[in-house]
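Shown here: query-v9.cif, mmCIF, C-alpha atoms.
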```cif
data_final
loop_
_atom_site.label_atom_id
_atom_site.label_comp_id
_atom_site.auth_asym_id
_atom_site.auth_seq_id
_atom_site.Cartn_x
_atom_site.Cartn_y
_atom_site.Cartn_z
CA MET A 1 23.95 8.06 43.66
CA GLU A 2 23.77 10.87 41.13
CA LEU A 3 21.62 10.12 38.07
CA ASN A 4 22.58 13.17 36.01
CA ILE A 5 24.45 11.14 33.40
CA PRO A 6 23.45 10.77 29.72
CA GLU A 7 22.71 7.03 29.92
CA PHE A 8 19.79 7.72 32.26
CA GLU A 9 18.13 10.34 30.05
CA GLY A 10 16.58 7.80 27.66
CA PRO A 11 15.05 5.84 26.22
CA LEU A 12 14.88 7.55 22.85
CA ALA A 13 11.37 8.80 22.20
CA GLN A 14 9.73 6.38 19.78
CA ARG A 15 7.48 7.09 16.81
CA GLY A 16 5.28 4.21 15.76
CA ILE A 17 4.20 2.58 12.52
CA GLY A 18 1.35 0.10 12.77
CA VAL A 19 1.86 -2.82 10.39
CA ILE A 20 -0.91 -5.18 9.31
CA ALA A 21 0.77 -8.27 7.89
CA PRO A 22 -0.62 -11.44 6.31
CA PHE A 23 -0.64 -14.43 8.63
CA ASP A 24 2.35 -16.05 6.87
CA LEU A 25 4.82 -13.13 7.09
CA ALA A 26 8.26 -14.47 8.10
CA LEU A 27 10.44 -11.43 7.41
CA GLU A 28 9.95 -9.25 10.48
CA ARG A 29 13.73 -9.00 10.83
CA GLU A 30 14.09 -7.60 7.32
CA LEU A 31 11.26 -5.19 7.96
CA TRP A 32 13.03 -3.77 11.02
CA ARG A 33 16.17 -3.14 8.96
CA TRP A 34 14.27 -0.44 7.07
CA ALA A 35 13.26 1.42 10.25
CA PRO A 36 15.30 4.33 11.66
CA LEU A 37 16.35 4.08 15.30
CA GLU A 38 13.52 6.27 16.56
CA VAL A 39 10.82 4.30 14.73
CA THR A 40 9.05 1.30 16.25
CA LEU A 41 7.00 -1.19 14.23
CA HIS A 42 3.84 -2.52 15.86
CA LEU A 43 2.65 -5.65 14.03
CA ALA A 44 -0.77 -7.26 13.78
CA ARG A 45 -1.67 -10.19 11.54
CA THR A 46 -4.66 -11.19 9.48
CA PRO A 47 -6.38 -14.47 10.47
CA TYR A 48 -4.87 -17.75 9.28
CA GLU A 49 -6.34 -19.10 6.04
CA PRO A 50 -5.62 -22.73 5.01
CA VAL A 51 -4.93 -21.95 1.35
CA PRO A 52 -1.73 -21.70 -0.74
CA VAL A 53 -0.40 -18.37 -1.99
CA SER A 54 -2.84 -17.61 -4.80
CA ARG A 55 -5.55 -15.24 -5.91
CA ALA A 56 -7.86 -16.83 -3.34
CA MET A 57 -5.40 -16.16 -0.53
CA ALA A 58 -4.82 -12.56 -1.66
CA GLU A 59 -8.56 -11.94 -1.56
CA LEU A 60 -8.93 -13.55 1.88
CA VAL A 61 -6.11 -11.61 3.53
CA SER A 62 -7.37 -8.32 2.08
CA ASP A 63 -10.87 -8.57 3.55
CA ARG A 64 -11.51 -5.04 4.79
CA ARG A 65 -13.10 -6.38 8.00
CA HIS A 66 -9.85 -8.15 8.91
CA LEU A 67 -7.87 -4.98 8.26
CA MET A 68 -10.20 -2.93 10.44
CA VAL A 69 -9.87 -5.38 13.34
CA ALA A 70 -6.08 -5.48 12.98
CA THR A 71 -5.95 -1.67 12.88
CA ARG A 72 -7.83 -1.44 16.17
CA ASP A 73 -5.41 -3.95 17.67
CA VAL A 74 -2.48 -1.53 17.22
CA LEU A 75 -4.15 1.83 17.88
CA SER A 76 -3.55 1.77 21.64
CA VAL A 77 0.20 2.33 21.04
CA GLU A 78 -0.56 5.44 18.97
CA PRO A 79 1.06 4.75 15.58
CA GLU A 80 1.39 7.77 13.32
CA VAL A 81 0.55 5.71 10.25
CA VAL A 82 -0.83 2.20 9.69
CA ALA A 83 0.44 0.17 6.74
CA TYR A 84 -1.15 -2.86 5.10
CA LEU A 85 2.02 -4.83 4.34
CA CYS A 86 0.89 -7.05 1.48
CA THR A 87 1.47 -6.57 -2.22
CA SER A 88 -0.95 -9.12 -3.65
CA GLY A 89 -3.68 -8.31 -1.15
CA SER A 90 -3.54 -4.66 -2.12
CA PHE A 91 -3.47 -5.14 -5.91
CA VAL A 92 -5.69 -8.21 -6.37
CA ASN A 93 -8.94 -6.26 -6.82
CA GLY A 94 -7.63 -3.23 -8.66
CA VAL A 95 -6.78 0.40 -7.98
CA ALA A 96 -10.14 1.40 -6.49
CA TYR A 97 -10.00 -1.44 -3.98
CA GLU A 98 -6.50 -0.44 -2.90
CA LYS A 99 -7.90 2.96 -1.99
CA ALA A 100 -10.84 1.29 -0.27
CA LEU A 101 -8.41 -0.62 1.96
CA CYS A 102 -6.77 2.65 3.03
CA ASP A 103 -10.22 4.07 3.71
CA ALA A 104 -11.10 1.02 5.84
CA ILE A 105 -7.94 1.42 7.93
CA CYS A 106 -8.75 5.09 8.52
CA GLU A 107 -12.39 4.25 9.26
CA ALA A 108 -11.10 1.91 11.99
CA GLY A 109 -9.34 4.85 13.61
CA ALA A 110 -5.92 5.27 11.98
CA SER A 111 -4.91 8.84 11.25
CA CYS A 112 -3.07 7.82 8.08
CA ALA A 113 -2.92 4.63 5.99
CA VAL A 114 -0.78 3.16 3.23
CA THR A 115 -0.65 -0.17 1.40
CA THR A 116 2.27 -1.85 -0.33
CA SER A 117 0.75 -1.57 -3.80
CA GLY A 118 -0.30 2.00 -3.12
CA ALA A 119 3.29 2.78 -2.13
CA LEU A 120 4.44 1.24 -5.42
CA LEU A 121 2.17 3.52 -7.42
CA GLU A 122 3.33 6.50 -5.38
CA ALA A 123 6.98 5.69 -6.08
CA LEU A 124 6.29 5.28 -9.80
CA ARG A 125 4.65 8.71 -9.89
CA LYS A 126 7.35 10.40 -7.81
CA LEU A 127 10.14 8.93 -9.98
CA ASP A 128 8.20 9.45 -13.23
CA LEU A 129 8.41 5.77 -14.20
CA THR A 130 5.98 4.46 -16.82
CA ARG A 131 7.72 1.27 -18.04
CA ILE A 132 8.96 -1.35 -15.59
CA SER A 133 9.92 -4.99 -15.35
CA VAL A 134 8.34 -7.14 -12.66
CA ILE A 135 9.34 -10.29 -10.80
CA THR A 136 7.02 -12.13 -8.43
CA PRO A 137 7.10 -15.36 -6.42
CA TYR A 138 3.46 -16.02 -7.42
CA ASP A 139 1.72 -18.21 -9.96
CA ARG A 140 0.80 -16.89 -13.41
CA GLU A 141 -2.75 -15.84 -12.47
CA LEU A 142 -1.69 -13.67 -9.55
CA THR A 143 1.21 -12.20 -11.52
CA ASP A 144 -1.18 -11.27 -14.33
CA LEU A 145 -3.37 -9.47 -11.80
CA LEU A 146 -0.35 -7.36 -10.82
CA HIS A 147 0.10 -6.51 -14.51
CA ASP A 148 -3.57 -5.50 -14.68
CA PHE A 149 -3.21 -3.31 -11.59
CA LEU A 150 -0.20 -1.53 -13.04
CA LYS A 151 -1.85 -1.11 -16.43
CA GLU A 152 -4.91 0.42 -14.78
CA ALA A 153 -2.58 2.88 -13.05
CA GLY A 154 -0.86 3.80 -16.33
CA THR A 155 2.32 1.73 -16.04
CA GLU A 156 3.48 -0.69 -18.73
CA VAL A 157 5.08 -4.00 -17.76
CA VAL A 158 7.75 -4.58 -20.40
CA ARG A 159 9.04 -7.89 -19.03
CA SER A 160 7.93 -10.21 -16.25
CA SER A 161 9.18 -13.25 -14.38
CA HIS A 162 7.44 -15.38 -11.75
CA LEU A 163 8.59 -18.23 -9.53
CA GLY A 164 5.26 -20.07 -9.28
CA LEU A 165 5.41 -20.68 -5.52
CA GLY A 166 2.42 -21.61 -3.40
CA GLY A 167 4.22 -21.17 -0.06
CA GLY A 168 7.56 -20.91 1.72
CA ILE A 169 8.36 -17.71 -0.16
CA TRP A 170 10.65 -16.42 2.60
CA LYS A 171 12.94 -19.43 2.02
CA VAL A 172 14.00 -18.37 -1.50
CA ASN A 173 17.72 -17.60 -1.51
CA TYR A 174 19.30 -14.37 -2.68
CA ARG A 175 21.03 -15.96 -5.68
CA THR A 176 17.73 -17.19 -7.12
CA ILE A 177 16.09 -13.81 -6.61
CA ALA A 178 19.05 -11.94 -8.11
CA GLU A 179 19.06 -14.21 -11.18
CA HIS A 180 15.38 -13.47 -11.76
CA ILE A 181 15.88 -9.73 -11.31
CA ILE A 182 18.75 -9.70 -13.82
CA ALA A 183 16.76 -11.85 -16.25
CA ALA A 184 13.80 -9.47 -15.98
CA ASP A 185 15.88 -6.44 -16.89
CA THR A 186 15.62 -4.97 -20.36
CA PRO A 187 16.76 -1.64 -21.84
CA ASP A 188 13.09 -0.62 -22.16
CA ALA A 189 12.50 -0.98 -18.41
CA GLN A 190 13.06 2.18 -16.37
CA ALA A 191 13.03 0.18 -13.12
CA ILE A 192 12.44 -3.30 -11.75
CA PHE A 193 9.79 -4.07 -9.15
CA VAL A 194 10.16 -7.14 -6.93
CA SER A 195 6.76 -8.08 -5.54
CA CYS A 196 5.78 -9.73 -2.22
CA THR A 197 6.60 -8.63 1.31
CA ASN A 198 7.58 -12.23 2.15
CA LEU A 199 10.40 -12.36 -0.43
CA PRO A 200 13.82 -11.36 1.02
CA THR A 201 15.51 -8.55 -0.92
CA TYR A 202 17.24 -6.11 1.45
CA ASP A 203 20.86 -6.98 0.67
CA LEU A 204 20.26 -7.30 -3.08
CA ILE A 205 19.05 -3.78 -3.79
CA ALA A 206 22.29 -1.79 -3.63
CA PRO A 207 24.52 -4.17 -5.63
CA LEU A 208 21.86 -4.74 -8.30
CA GLU A 209 21.17 -1.02 -8.64
CA ARG A 210 24.89 -0.49 -9.21
CA GLU A 211 25.00 -3.35 -11.71
CA LEU A 212 21.86 -2.44 -13.66
CA GLY A 213 21.99 1.33 -13.32
CA LYS A 214 18.30 1.72 -12.51
CA PRO A 215 15.97 1.53 -9.50
CA VAL A 216 15.29 -1.85 -7.95
CA LEU A 217 12.07 -1.35 -5.99
CA THR A 218 10.91 -3.96 -3.49
CA ALA A 219 7.76 -4.46 -1.47
CA ASN A 220 9.03 -3.96 2.09
CA GLN A 221 11.28 -1.11 1.01
CA LEU A 222 8.42 0.81 -0.60
CA THR A 223 5.99 0.23 2.26
CA ILE A 224 8.31 1.63 4.93
CA TRP A 225 9.48 4.40 2.55
CA ALA A 226 5.87 5.58 2.14
CA CYS A 227 5.30 5.47 5.90
CA LEU A 228 8.45 7.44 6.67
CA GLY A 229 7.48 10.02 4.06
CA ARG A 230 4.20 10.65 5.86
CA MET A 231 6.11 10.96 9.14
CA LYS A 232 8.52 13.45 7.49
CA LEU A 233 11.46 11.20 8.26
CA PRO A 234 14.28 10.33 5.83
CA MET A 235 14.49 6.90 4.28
CA THR A 236 17.07 4.50 5.65
CA GLY A 237 18.54 1.43 3.98
CA PRO A 238 19.37 0.77 0.31
CA GLY A 239 17.60 2.30 -2.66
CA LYS A 240 19.33 5.48 -3.79
CA TRP A 241 16.62 6.65 -6.19
CA LEU A 242 14.09 6.93 -3.35
CA ARG A 243 16.30 9.05 -1.11
CA GLY A 244 15.14 12.62 -0.74
CA VAL A 245 11.91 12.09 -2.70
CA PHE A 246 9.88 13.48 0.20
#
```
Rendering of file as structure tokens:
Amino acid sequence: MELNIPEFEGPLAQRGIGVIAPFDLALERELWRWAPLEVTLHLARTPYEPVPVSRAMAELVSDRRHLMVATRDVLSVEPEVVAYLCTSGSFVNGVAYEKALCDAICEAGASCAVTTSGALLEALRKLDLTRISVITPYDRELTDLLHDFLKEAGTEVVRSSHLGLGGGIWKVNYRTIAEHIIAADTPDAQAIFVSCTNLPTYDLIAPLERELGKPVLTANQLTIWACLGRMKLPMTGPGKWLRGVF
């Protein structure tokens, strides 16, 4: 039998992204929708913590020791970049701590590191956005900490909405999320940021950007966007303002 046929020349060479996710992530399928065909996601999780979504949980899942262990768990498959996929865990202790988390991931052996909140700040700088609206699934305390993080980075939150959930965030339906995004919009806001990597948003971005005429930035979108930028690969999926930034 001759094997000189195209089907036997594969598989397509893969380029890896290591992903460190909180223990309660339920949106792996959405995460994969952001990845180009040649990119593979290699996931590790932080240890389970018996607490509701809150400031306490954000601090627990962002323990640098957990991130270093999780980084080492994915290094054997040679990811080009390792991402800490958690918005609250990467903003809860401020801008300096976000950088410290990237440093911890690199200290554990990664050649390059990003976090979700770091990717947000990068997108705001690249798009020259200084006034945004925010929606979160969190309680008031954790939402206020996101405001503090953005203020420290030089971004004004002009309007904010939060769902007040302590768990089951991945179960929120698109209509509820869309209603909160629309309610959070204001003429003063240059963009809207939807926080939390466990809140489904993929199919909402394009129609809401058309409706509102401004960027709708979401946690999973920004995390993979920042990773692909470091890999010198084009962004896939919705979000027209981010295309071609790198």
With the file shown as input, list the residues that the PyMOL selection byres ((chain A and resi 202) around 12) selects, as a tab-separated table (two decimals) with C-alpha atoms, in the frame of the given file.
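result39.tsv was written with the following content:
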```
chain	number	residue	atom	x	y	z
A	27	LEU	CA	10.44	-11.43	7.41
A	29	ARG	CA	13.73	-9.00	10.83
A	30	GLU	CA	14.09	-7.60	7.32
A	31	LEU	CA	11.26	-5.19	7.96
A	32	TRP	CA	13.03	-3.77	11.02
A	33	ARG	CA	16.17	-3.14	8.96
A	34	TRP	CA	14.27	-0.44	7.07
A	173	ASN	CA	17.72	-17.60	-1.51
A	174	TYR	CA	19.30	-14.37	-2.68
A	177	ILE	CA	16.09	-13.81	-6.61
A	178	ALA	CA	19.05	-11.94	-8.11
A	194	VAL	CA	10.16	-7.14	-6.93
A	197	THR	CA	6.60	-8.63	1.31
A	198	ASN	CA	7.58	-12.23	2.15
A	199	LEU	CA	10.40	-12.36	-0.43
A	200	PRO	CA	13.82	-11.36	1.02
A	201	THR	CA	15.51	-8.55	-0.92
A	203	ASP	CA	20.86	-6.98	0.67
A	204	LEU	CA	20.26	-7.30	-3.08
A	205	ILE	CA	19.05	-3.78	-3.79
A	206	ALA	CA	22.29	-1.79	-3.63
A	207	PRO	CA	24.52	-4.17	-5.63
A	208	LEU	CA	21.86	-4.74	-8.30
A	209	GLU	CA	21.17	-1.02	-8.64
A	216	VAL	CA	15.29	-1.85	-7.95
A	217	LEU	CA	12.07	-1.35	-5.99
A	218	THR	CA	10.91	-3.96	-3.49
A	219	ALA	CA	7.76	-4.46	-1.47
A	220	ASN	CA	9.03	-3.96	2.09
A	221	GLN	CA	11.28	-1.11	1.01
A	222	LEU	CA	8.42	0.81	-0.60
A	236	THR	CA	17.07	4.50	5.65
A	237	GLY	CA	18.54	1.43	3.98
A	238	PRO	CA	19.37	0.77	0.31
A	239	GLY	CA	17.60	2.30	-2.66
```
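Interatomic distance, atom CA of A:Val134 to atom CA of A:Ala226: 19.7 Å.
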Have a look at A:Gly109, A:Pro11, A:Pro137, A:Gly94 and name the one nearest to A:Leu121; count all atoms listed in the file.
A:Gly94
Please, which residues in stretch 143-211 of chain A fall within 10 Å of stretch 48-61 of chain A when counting only C-alpha atoms, and what is the closest atom pair and distance in Å to one decimal for each, ordered by chain then residue number, as a Markdown table?
```
| residue | atom | partner | partner_atom | distance |
| --- | --- | --- | --- | --- |
| A:Thr143 | CA | A:Arg55 | CA | 9.3 |
| A:Leu145 | CA | A:Arg55 | CA | 8.5 |
| A:Gly164 | CA | A:Val53 | CA | 9.4 |
| A:Leu165 | CA | A:Val53 | CA | 7.2 |
| A:Gly166 | CA | A:Val53 | CA | 4.5 |
| A:Gly167 | CA | A:Val53 | CA | 5.7 |
| A:Gly168 | CA | A:Val53 | CA | 9.1 |
| A:Ile169 | CA | A:Val53 | CA | 9.0 |
```
I need every residue sitting at most 10 Å from the point (6.7, 2.7, -6.7) (coordinates as in the file, all atoms listed in the file considered), written as a ChimeraX atom specification.
/A:116-129,191-193,215-219,221-223,225-226,242
Hits from the PyMOL selection byres ((chain A and resi 43) around 10), listed as a CSV table (one decimal) with C-alpha atoms, in the frame of the given file:
```csv
chain,number,residue,atom,x,y,z
A,17,ILE,CA,4.2,2.6,12.5
A,18,GLY,CA,1.4,0.1,12.8
A,19,VAL,CA,1.9,-2.8,10.4
A,20,ILE,CA,-0.9,-5.2,9.3
A,21,ALA,CA,0.8,-8.3,7.9
A,28,GLU,CA,10.0,-9.2,10.5
A,40,THR,CA,9.0,1.3,16.2
A,41,LEU,CA,7.0,-1.2,14.2
A,42,HIS,CA,3.8,-2.5,15.9
A,44,ALA,CA,-0.8,-7.3,13.8
A,45,ARG,CA,-1.7,-10.2,11.5
A,70,ALA,CA,-6.1,-5.5,13.0
A,71,THR,CA,-6.0,-1.7,12.9
A,73,ASP,CA,-5.4,-4.0,17.7
A,74,VAL,CA,-2.5,-1.5,17.2
A,82,VAL,CA,-0.8,2.2,9.7
A,83,ALA,CA,0.4,0.2,6.7
A,85,LEU,CA,2.0,-4.8,4.3
```
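For the choices A:Leu25, A:Cys102, A:Ala13, A:Ala110, the atom-to-atom distance to A:Ser90 is smallest for A:Cys102 when using all atoms listed in the file.
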For the file shown, report as a short mmCIF file (atom, residue, chain, number, x, y, z; two decimals) with C-alpha atoms, keeping the file's coordinate frame the outcome of the PyMOL selection byres ((chain A and resi 157) around 6) at residue level.
```cif
data_model
loop_
_atom_site.label_atom_id
_atom_site.label_comp_id
_atom_site.auth_asym_id
_atom_site.auth_seq_id
_atom_site.Cartn_x
_atom_site.Cartn_y
_atom_site.Cartn_z
CA ARG A 131 7.72 1.27 -18.04
CA ILE A 132 8.96 -1.35 -15.59
CA SER A 133 9.92 -4.99 -15.35
CA GLU A 156 3.48 -0.69 -18.73
CA VAL A 158 7.75 -4.58 -20.40
CA ARG A 159 9.04 -7.89 -19.03
#
```
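Shortest separation to A:Asp148 among A:Asn4, A:Gln14, A:Ser111, A:Asn93 occurs at residue A:Asn93, atoms counted being only C-alpha atoms.
Separating atom CA of A:Ser62 from atom CA of A:Gly89 is a distance of 4.9 Å.
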